[in-house]
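Printed here is structure_39.csv (CSV, C-alpha atoms and all ligand atoms):
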```csv
chain,number,residue,atom,x,y,z
H,1,MET,CA,-105.9,198.6,127.8
H,2,TYR,CA,-109.5,198.2,129.1
H,3,ILE,CA,-110.9,194.8,127.9
H,4,GLU,CA,-114.5,194.9,127.0
H,5,GLU,CA,-114.8,191.5,125.5
H,6,LEU,CA,-112.8,188.4,124.5
H,7,GLU,CA,-114.2,186.2,121.8
H,8,GLY,CA,-113.4,182.5,121.3
H,9,ALA,CA,-111.3,182.3,124.5
H,10,GLU,CA,-111.2,179.2,126.7
H,11,PRO,CA,-112.4,179.9,130.2
H,12,LEU,CA,-110.4,182.8,131.5
H,13,PRO,CA,-110.2,184.5,134.8
H,14,SER,CA,-113.3,186.7,134.6
H,15,PHE,CA,-111.5,189.7,136.1
H,16,ILE,CA,-109.6,190.2,132.8
H,17,VAL,CA,-112.8,191.3,131.1
H,18,GLY,CA,-113.9,194.7,132.3
H,19,SER,CA,-110.6,195.8,133.6
H,20,ILE,CA,-107.2,197.3,132.7
H,21,VAL,CA,-104.8,194.5,131.9
H,22,SER,CA,-101.3,194.0,133.2
H,23,PRO,CA,-98.5,192.3,131.2
H,24,SER,CA,-99.2,189.0,133.0
H,25,ASP,CA,-102.9,189.2,131.9
H,26,VAL,CA,-101.7,189.7,128.3
H,27,GLU,CA,-99.7,186.5,128.6
H,28,ARG,CA,-102.8,184.7,129.8
H,29,MET,CA,-104.9,186.1,126.9
H,30,LEU,CA,-102.3,185.1,124.4
H,31,SER,CA,-102.3,181.5,125.7
H,32,SER,CA,-106.2,181.5,125.8
H,33,ARG,CA,-106.3,181.5,122.0
H,34,ALA,CA,-109.0,184.2,122.0
H,35,ILE,CA,-110.0,185.0,118.4
H,36,SER,CA,-110.6,188.7,119.0
H,37,VAL,CA,-110.3,191.3,121.8
H,38,VAL,CA,-112.6,194.3,122.0
H,39,ILE,CA,-111.0,197.3,123.9
H,40,ASP,CA,-112.7,200.4,125.2
H,41,THR,CA,-110.5,203.4,124.4
H,42,GLN,CA,-112.6,205.7,126.6
H,43,LYS,CA,-111.5,203.7,129.6
H,44,GLY,CA,-108.0,202.7,128.7
H,45,LEU,CA,-105.2,203.0,126.1
H,46,ASP,CA,-105.6,202.7,122.4
H,47,VAL,CA,-103.5,200.5,120.1
H,48,GLU,CA,-100.3,202.1,118.8
H,49,ARG,CA,-100.9,204.1,115.7
H,50,ASP,CA,-98.7,202.0,113.5
H,51,ALA,CA,-99.5,198.6,115.1
H,52,ARG,CA,-101.5,197.6,112.1
H,53,GLU,CA,-98.5,198.2,109.8
H,54,GLN,CA,-96.4,195.7,111.7
H,55,GLY,CA,-96.1,192.2,110.5
H,56,GLY,CA,-97.7,193.1,107.2
H,57,VAL,CA,-97.9,190.5,104.6
H,58,ASP,CA,-95.1,190.1,102.0
H,59,LEU,CA,-97.0,189.7,98.7
H,60,ALA,CA,-94.0,188.0,97.1
H,61,SER,CA,-94.1,185.2,99.8
H,62,PHE,CA,-97.8,184.9,99.4
H,63,ALA,CA,-97.3,184.3,95.7
H,64,SER,CA,-94.5,181.8,96.2
H,65,GLY,CA,-96.6,180.0,98.8
H,66,LEU,CA,-99.4,179.6,96.2
H,67,ARG,CA,-96.9,178.3,93.6
H,68,SER,CA,-95.6,175.7,96.0
H,69,LYS,CA,-99.0,174.2,96.4
H,70,PHE,CA,-100.7,174.7,93.0
H,71,SER,CA,-99.6,174.5,89.4
H,72,ASP,CA,-99.5,177.7,87.3
H,73,LYS,CA,-102.5,176.5,85.4
H,74,GLN,CA,-104.6,175.9,88.6
H,75,ILE,CA,-103.7,179.4,89.8
H,76,ARG,CA,-104.5,181.0,86.5
H,77,LEU,CA,-107.9,179.2,86.2
H,78,ALA,CA,-108.8,180.1,89.8
H,79,ARG,CA,-108.0,183.8,89.0
H,80,VAL,CA,-110.1,183.6,85.9
H,81,ALA,CA,-113.1,182.1,87.8
H,82,ILE,CA,-112.8,184.8,90.5
H,83,GLN,CA,-112.7,187.5,87.8
H,84,GLU,CA,-115.7,186.1,86.1
H,85,THR,CA,-117.8,186.2,89.3
H,86,ARG,CA,-116.7,189.7,90.2
H,87,PRO,CA,-119.4,191.6,88.2
H,88,SER,CA,-122.3,189.6,89.6
H,89,VAL,CA,-121.1,189.7,93.2
H,90,ARG,CA,-120.4,193.4,92.9
H,91,ASP,CA,-123.9,193.9,91.6
H,92,LEU,CA,-125.3,191.8,94.5
H,93,LEU,CA,-123.4,193.9,97.0
H,94,SER,CA,-124.1,197.3,95.5
H,95,ALA,CA,-127.8,196.6,95.1
H,96,ALA,CA,-128.0,195.7,98.8
H,97,ARG,CA,-125.9,198.8,99.8
H,98,GLU,CA,-127.5,201.4,97.6
H,99,ARG,CA,-131.1,200.2,97.5
H,100,GLY,CA,-131.6,197.6,100.2
H,101,ALA,CA,-132.4,195.2,97.4
H,102,PHE,CA,-131.5,191.6,96.8
H,103,HIS,CA,-130.5,190.6,93.3
H,104,LEU,CA,-131.1,186.8,93.3
H,105,ASP,CA,-130.2,186.5,89.6
H,106,ALA,CA,-126.7,188.0,90.2
H,107,ALA,CA,-126.2,185.7,93.2
H,108,GLY,CA,-127.3,182.6,91.3
H,109,THR,CA,-125.0,183.4,88.4
H,110,ALA,CA,-122.0,183.7,90.8
H,111,VAL,CA,-122.9,180.5,92.6
H,112,GLU,CA,-123.1,178.5,89.4
H,113,ARG,CA,-119.6,179.7,88.4
H,114,VAL,CA,-118.1,178.9,91.8
H,115,MET,CA,-119.8,175.5,91.8
H,116,SER,CA,-118.3,174.6,88.4
H,117,GLU,CA,-114.8,175.8,89.3
H,118,ALA,CA,-114.9,174.1,92.7
H,119,MET,CA,-115.6,170.8,90.9
H,120,THR,CA,-111.9,170.6,89.8
H,121,ASN,CA,-110.1,173.5,91.3
H,122,ALA,CA,-111.5,174.3,94.8
H,123,GLY,CA,-108.2,174.4,96.6
H,124,ALA,CA,-106.6,177.0,94.4
H,125,MET,CA,-109.7,179.1,94.2
H,126,ILE,CA,-110.0,179.2,98.0
H,127,ALA,CA,-106.3,179.9,98.4
H,128,VAL,CA,-106.2,182.7,95.8
H,129,ALA,CA,-109.2,184.4,97.5
H,130,LYS,CA,-107.2,184.5,100.8
H,131,LEU,CA,-105.4,187.6,99.7
H,132,LYS,CA,-107.9,190.5,100.4
H,133,GLU,CA,-106.6,193.9,99.4
H,134,LYS,CA,-108.4,197.1,100.1
H,135,ASP,CA,-111.9,197.2,98.6
H,136,GLU,CA,-111.9,193.5,97.6
H,137,GLY,CA,-112.4,192.2,101.2
H,138,THR,CA,-116.2,191.8,101.1
H,139,PHE,CA,-116.3,190.3,97.6
H,140,LEU,CA,-113.5,187.8,98.3
H,141,HIS,CA,-114.8,186.8,101.7
H,142,SER,CA,-118.3,186.1,100.3
H,143,LEU,CA,-116.7,184.2,97.4
H,144,ALA,CA,-114.3,182.2,99.6
H,145,VAL,CA,-117.0,181.2,102.1
H,146,SER,CA,-119.3,180.2,99.2
H,147,ALA,CA,-116.5,178.0,97.7
H,148,LEU,CA,-115.7,176.5,101.1
H,149,MET,CA,-119.3,175.6,101.7
H,150,ILE,CA,-119.8,174.2,98.3
H,151,THR,CA,-116.7,172.0,98.7
H,152,PHE,CA,-117.5,171.0,102.3
H,153,GLY,CA,-121.1,170.2,101.3
H,154,ARG,CA,-119.9,167.9,98.4
H,155,ASN,CA,-117.4,166.2,100.7
H,156,LEU,CA,-120.2,165.6,103.2
H,157,GLY,CA,-122.0,163.8,100.4
H,158,LEU,CA,-124.9,166.3,100.1
H,159,SER,CA,-127.0,166.5,97.0
H,160,GLU,CA,-126.0,169.1,94.3
H,161,GLU,CA,-129.2,171.0,95.1
H,162,ALA,CA,-128.3,171.1,98.8
H,163,VAL,CA,-124.8,172.2,97.8
H,164,ARG,CA,-126.2,175.0,95.6
H,165,LEU,CA,-128.1,176.4,98.6
H,166,LEU,CA,-125.0,176.2,100.8
H,167,GLY,CA,-123.1,178.1,98.1
H,168,LEU,CA,-125.8,180.7,97.8
H,169,GLY,CA,-126.0,181.0,101.6
H,170,GLY,CA,-122.3,181.4,101.8
H,171,LEU,CA,-122.3,184.1,99.2
H,172,VAL,CA,-125.0,186.2,100.9
H,173,HIS,CA,-124.4,185.3,104.6
H,174,ASP,CA,-123.0,188.8,105.4
H,175,LEU,CA,-125.2,190.7,103.0
H,176,GLY,CA,-126.7,192.5,106.0
H,177,LYS,CA,-123.4,194.3,106.6
H,178,MET,CA,-124.0,196.1,103.3
H,179,VAL,CA,-126.8,198.2,104.9
H,180,LEU,CA,-124.7,199.2,107.9
H,181,PRO,CA,-122.8,202.5,107.9
H,182,THR,CA,-119.8,202.3,105.5
H,183,ASP,CA,-117.5,204.1,107.9
H,184,LEU,CA,-118.1,201.4,110.5
H,185,LEU,CA,-117.3,198.6,108.1
H,186,ARG,CA,-114.2,200.2,106.8
H,187,LYS,CA,-112.9,201.0,110.2
H,188,PRO,CA,-109.7,199.0,110.5
H,189,GLY,CA,-108.7,197.2,113.7
H,190,LYS,CA,-110.5,198.2,116.9
H,191,LEU,CA,-114.2,198.7,117.4
H,192,THR,CA,-116.0,200.1,120.5
H,193,ALA,CA,-118.6,198.0,122.3
H,194,GLU,CA,-121.4,200.2,120.8
H,195,GLU,CA,-120.0,199.6,117.3
H,196,VAL,CA,-119.9,195.9,118.0
H,197,ASP,CA,-123.6,196.0,118.9
H,198,VAL,CA,-124.4,197.7,115.5
H,199,ILE,CA,-122.3,195.1,113.6
H,200,ARG,CA,-124.3,192.4,115.4
H,201,THR,CA,-127.5,193.5,113.8
H,202,HIS,CA,-126.2,192.2,110.4
H,203,PRO,CA,-127.6,188.7,110.6
H,204,ALA,CA,-131.2,190.0,111.1
H,205,ARG,CA,-130.7,192.7,108.4
H,206,GLY,CA,-129.3,190.1,106.0
H,207,HIS,CA,-132.2,187.8,106.7
H,208,ASP,CA,-134.7,190.6,106.0
H,209,LEU,CA,-132.9,191.5,102.7
H,210,VAL,CA,-132.9,187.9,101.4
H,211,LYS,CA,-136.5,187.4,102.6
H,212,GLN,CA,-137.7,189.9,100.1
H,213,ILE,CA,-137.6,187.1,97.5
H,214,GLU,CA,-140.7,185.0,97.7
H,215,ASP,CA,-140.1,181.3,98.3
H,216,MET,CA,-136.5,181.9,99.3
H,217,PRO,CA,-135.3,178.5,100.5
H,218,GLN,CA,-135.2,178.2,104.3
H,219,ALA,CA,-131.5,177.1,104.2
H,220,VAL,CA,-130.5,180.5,102.8
H,221,LEU,CA,-132.6,182.4,105.4
H,222,ASP,CA,-131.1,180.2,108.2
H,223,ILE,CA,-127.6,180.8,107.1
H,224,CYS,CA,-128.1,184.6,107.1
H,225,LEU,CA,-129.8,184.7,110.5
H,226,TYR,CA,-127.9,182.1,112.4
H,227,HIS,CA,-124.3,182.0,111.2
H,228,HIS,CA,-123.0,183.7,114.4
H,229,GLU,CA,-124.8,181.4,116.8
H,230,LYS,CA,-122.4,179.2,118.8
H,231,PHE,CA,-122.8,175.6,119.6
H,232,ASP,CA,-122.8,176.3,123.4
H,233,GLY,CA,-125.5,178.9,123.1
H,234,THR,CA,-123.3,182.0,123.6
H,235,GLY,CA,-123.6,183.3,120.1
H,236,TYR,CA,-126.0,185.9,118.6
H,237,PRO,CA,-128.7,187.0,117.7
H,238,HIS,CA,-130.8,184.4,119.6
H,239,GLY,CA,-128.3,182.4,121.7
H,240,LEU,CA,-129.5,179.1,120.1
H,241,ALA,CA,-127.5,176.0,121.1
H,242,GLY,CA,-126.6,172.6,119.6
H,243,SER,CA,-129.1,171.2,117.1
H,244,ALA,CA,-131.4,174.1,117.6
H,245,ILE,CA,-129.0,175.9,115.3
H,246,PRO,CA,-129.8,174.8,111.8
H,247,ARG,CA,-127.1,172.5,110.4
H,248,VAL,CA,-126.5,174.8,107.4
H,249,ALA,CA,-125.7,177.6,109.8
H,250,ARG,CA,-123.3,175.4,111.8
H,251,ILE,CA,-121.5,174.6,108.5
H,252,THR,CA,-121.4,178.4,107.7
H,253,ALA,CA,-119.9,179.2,111.1
H,254,ILE,CA,-116.9,176.9,110.4
H,255,CYS,CA,-116.3,178.1,106.9
H,256,ASP,CA,-116.8,181.8,107.9
H,257,VAL,CA,-114.3,181.7,110.7
H,258,TYR,CA,-111.8,179.6,108.8
H,259,ASP,CA,-111.7,182.1,105.9
H,260,ALA,CA,-111.5,185.0,108.4
H,261,LEU,CA,-108.5,183.5,110.2
H,262,THR,CA,-106.6,182.5,107.1
H,263,THR,CA,-107.2,185.7,105.3
H,264,VAL,CA,-104.1,187.6,104.2
H,265,ARG,CA,-104.4,191.4,104.6
H,266,PRO,CA,-101.8,194.1,104.0
H,267,TYR,CA,-101.8,194.9,107.7
H,268,LYS,CA,-102.3,191.5,109.3
H,269,ARG,CA,-100.1,188.5,109.5
H,270,ALA,CA,-102.0,185.6,108.0
H,271,TRP,CA,-102.5,182.5,110.1
H,272,SER,CA,-101.4,179.3,108.6
H,273,GLN,CA,-103.9,176.6,108.0
H,274,ALA,CA,-102.5,174.6,111.0
H,275,GLU,CA,-102.8,177.6,113.3
H,276,ALA,CA,-106.4,178.3,112.2
H,277,ILE,CA,-107.4,174.7,112.7
H,278,GLU,CA,-105.7,174.5,116.1
H,279,THR,CA,-107.4,177.7,117.3
H,280,MET,CA,-110.8,176.5,116.0
H,281,SER,CA,-110.3,173.2,117.7
H,282,HIS,CA,-109.5,174.9,121.0
H,283,SER,CA,-112.5,177.3,120.7
H,284,HIS,CA,-114.5,175.0,122.9
H,285,GLY,CA,-118.3,175.6,122.5
H,286,HIS,CA,-118.0,177.7,119.4
H,287,PHE,CA,-118.5,175.1,116.7
H,288,ASP,CA,-120.4,171.8,116.2
H,289,PRO,CA,-117.7,169.3,117.2
H,290,GLU,CA,-118.8,166.6,114.7
H,291,LEU,CA,-118.9,169.1,111.8
H,292,LEU,CA,-115.6,170.6,112.8
H,293,LYS,CA,-114.1,167.0,112.9
H,294,ALA,CA,-115.6,166.4,109.4
H,295,PHE,CA,-114.2,169.7,108.2
H,296,ILE,CA,-110.7,168.8,109.4
H,297,SER,CA,-110.7,165.3,108.0
H,298,LYS,CA,-112.6,165.9,104.7
H,299,MET,CA,-111.2,169.3,103.8
H,300,VAL,CA,-107.8,169.7,105.6
H,301,ILE,CA,-106.3,166.3,106.2
H,302,ASN,CA,-107.2,165.0,102.7
H,303,GLY,CA,-105.6,168.0,101.1
H,304,THR,CA,-108.7,169.6,99.6
H,305,ILE,CA,-107.7,173.0,100.9
H,306,HIS,CA,-104.2,174.2,101.7
R,401,FE,FE,-121.4,187.6,109.6
```
Is it possible to give me this structure as structure tokens?
Amino acid sequence: MYIEELEGAEPLPSFIVGSIVSPSDVERMLSSRAISVVIDTQKGLDVERDAREQGGVDLASFASGLRSKFSDKQIRLARVAIQETRPSVRDLLSAARERGAFHLDAAGTAVERVMSEAMTNAGAMIAVAKLKEKDEGTFLHSLAVSALMITFGRNLGLSEEAVRLLGLGGLVHDLGKMVLPTDLLRKPGKLTAEEVDVIRTHPARGHDLVKQIEDMPQAVLDICLYHHEKFDGTGYPHGLAGSAIPRVARITAICDVYDALTTVRPYKRAWSQAEAIETMSHSHGHFDPELLKAFISKMVINGTIH
């Protein structure tokens, strides 16, 4: 296959990018802990047709994993909370997709519900939202990132108002994707380099959407625009580095990638929490090291999330 880009890899021999890889290059890529690989199918082979079907998740084992970590009551309450936010999040997403509009009321309603459930049942809510079937992916990812940010914000000792803005930002961070072509978003697996460029316009598009509301707090705008910046300056859209990236966006980057890695999809083996944390810790330059350390100690090691 022709390698267009490797994301999240430790320094790699640069000849791998922009070339056809051999089996030994594949070994090296696997040990580099790259988060994603972009291939160009015009210049090399495609993935096997049924590759996505392999290693699919076993729903029964997902359910038994949940039951081993949480009580039936916690799981039931988490499901109810997610159900209850569904109408407002759906409204938020469809208003953006169909009319390029931002429904602040719908977002606010959902955030209040996530905030109250996360007070007592954050771990179960985040765990239940890991399973993202067909059309629920966007809804559940928004919800999970919001719940992670609310919980992380509280564990960092932030005020409830600051926590609410994190929750709102988490919910709308990817709203810019709603105005991208639906085919592109639904395309499973591989993306071409051109398609990746289009996807990379979503932070600016989301920022524009949310900015329609007068007096939108800066934290929410920053989360939309800067959640794909990386601590070493290699992110997008502006290549900001270190403390030039607003702290709320550095928090979002951690919660966004954590949920993406641990997500359970019908065609993808889910990463365990330990694998996700190990990979994120080895993605040198991606995340704010202090915040990542805090995420690990205040969210993972203390058992807030499983
Ligand atoms: Fe994003």
query = Do you have the CA of Asp25 in chain H-CA of Glu194 in chain H distance handy?
reply = 24.2 Å
task = Go through the chains and note each residue within 12 Å of ligand FE 401 (chain R), using only C-alpha atoms and all ligand atoms, then give the set as number ranges by chain.
result = H: 138, 141-142, 145, 169-178, 185, 196, 199-207, 223-229, 235-237, 249, 252-257, 259-260
query = What separation in Å, quoted to one decimal, exists between CA of Ser88 in chain H and CA of Val111 in chain H?
reply = 9.6 Å
ask   = Separation of CA of Glu136 in chain H and CA of Phe70 in chain H, in Å?
value = 22.4 Å
key: Residue neighbourhood Phe295 in chain H, 12 Å, only C-alpha atoms, exclusion window fewer than 6 positions, as a VMD selection string   = chain H and resid 148 to 149 151 to 156 250 to 255 258 277 280 to 281 287 to 289 301 to 305
Store the residues picked out above in a file with C-alpha atoms, as a compact mmCIF listing (two decimals), keeping the file's coordinate frame.
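Contents of selection_31.txt, freshly written:
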```txt
# COMPACT_ATOMS: atom_id res chain seq x y z
CA LEU H 148 -115.70 176.50 101.10
CA MET H 149 -119.30 175.60 101.70
CA THR H 151 -116.70 172.00 98.70
CA PHE H 152 -117.50 171.00 102.30
CA GLY H 153 -121.10 170.20 101.30
CA ARG H 154 -119.90 167.90 98.40
CA ASN H 155 -117.40 166.20 100.70
CA LEU H 156 -120.20 165.60 103.20
CA ARG H 250 -123.30 175.40 111.80
CA ILE H 251 -121.50 174.60 108.50
CA THR H 252 -121.40 178.40 107.70
CA ALA H 253 -119.90 179.20 111.10
CA ILE H 254 -116.90 176.90 110.40
CA CYS H 255 -116.30 178.10 106.90
CA TYR H 258 -111.80 179.60 108.80
CA ILE H 277 -107.40 174.70 112.70
CA MET H 280 -110.80 176.50 116.00
CA SER H 281 -110.30 173.20 117.70
CA PHE H 287 -118.50 175.10 116.70
CA ASP H 288 -120.40 171.80 116.20
CA PRO H 289 -117.70 169.30 117.20
CA ILE H 301 -106.30 166.30 106.20
CA ASN H 302 -107.20 165.00 102.70
CA GLY H 303 -105.60 168.00 101.10
CA THR H 304 -108.70 169.60 99.60
CA ILE H 305 -107.70 173.00 100.90
```
remark   = Using only C-alpha atoms, the residue out of H:Glu5, H:Lys298, H:Lys132, H:Ser22 with shortest distance to Gly157 in chain H is H:Lys298
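Among H:Leu77, H:Leu59, H:Leu30, H:Leu240, the residue with the shortest atom-to-atom distance to Val264 in chain H, counting only C-alpha atoms, is H:Leu59.
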inquiry  = Ranking H:Ile296, H:Glu160, H:Val128, H:Leu180 by minimum distance to Ser64 in chain H and counting all atoms listed in the file, which one comes first?
reply    = H:Val128
message = From the options H:Ile82, H:Leu292, H:Ile150, H:Ala162, which residue's atoms come nearest to Ala124 in chain H, counting all atoms listed in the file?
response = H:Ile82
request  = Please identify all polymer residues within 9 Å of Glu112 in chain H, counting all atoms listed in the file, omitting same-chain residues fewer than 5 positions from it, and present them as a list in words.
outcome  = Ala107, Glu117, Arg164 and Gly167 of chain H
note = Using only C-alpha atoms, the residue out of H:Lys190, H:Leu140, H:Leu291, H:Ala122 with shortest distance to Met1 in chain H is H:Lys190
query = Trp271 in chain H: which residues within 7 Å, counting only C-alpha atoms, same-chain residues fewer than 5 positions away excluded, as an MDAnalysis selection string?
reply = chainID H and resid 261:262 276
What's the 12 Å shell around Leu45 in chain H, counting only C-alpha atoms, without same-chain residues fewer than 4 positions away, as a compact mmCIF listing (two decimals) with C-alpha atoms, in the coordinates of the input?
```txt
# COMPACT_ATOMS: atom_id res chain seq x y z
CA MET H 1 -105.90 198.60 127.80
CA TYR H 2 -109.50 198.20 129.10
CA ILE H 3 -110.90 194.80 127.90
CA SER H 19 -110.60 195.80 133.60
CA ILE H 20 -107.20 197.30 132.70
CA VAL H 21 -104.80 194.50 131.90
CA ILE H 39 -111.00 197.30 123.90
CA ASP H 40 -112.70 200.40 125.20
CA THR H 41 -110.50 203.40 124.40
CA ARG H 49 -100.90 204.10 115.70
CA LYS H 190 -110.50 198.20 116.90
```
query = Nearest to Val80 in chain H among H:Leu209, H:Met125, H:Met299, H:Met119, with distances taken over all atoms listed in the file: which residue is it?
reply = H:Met125
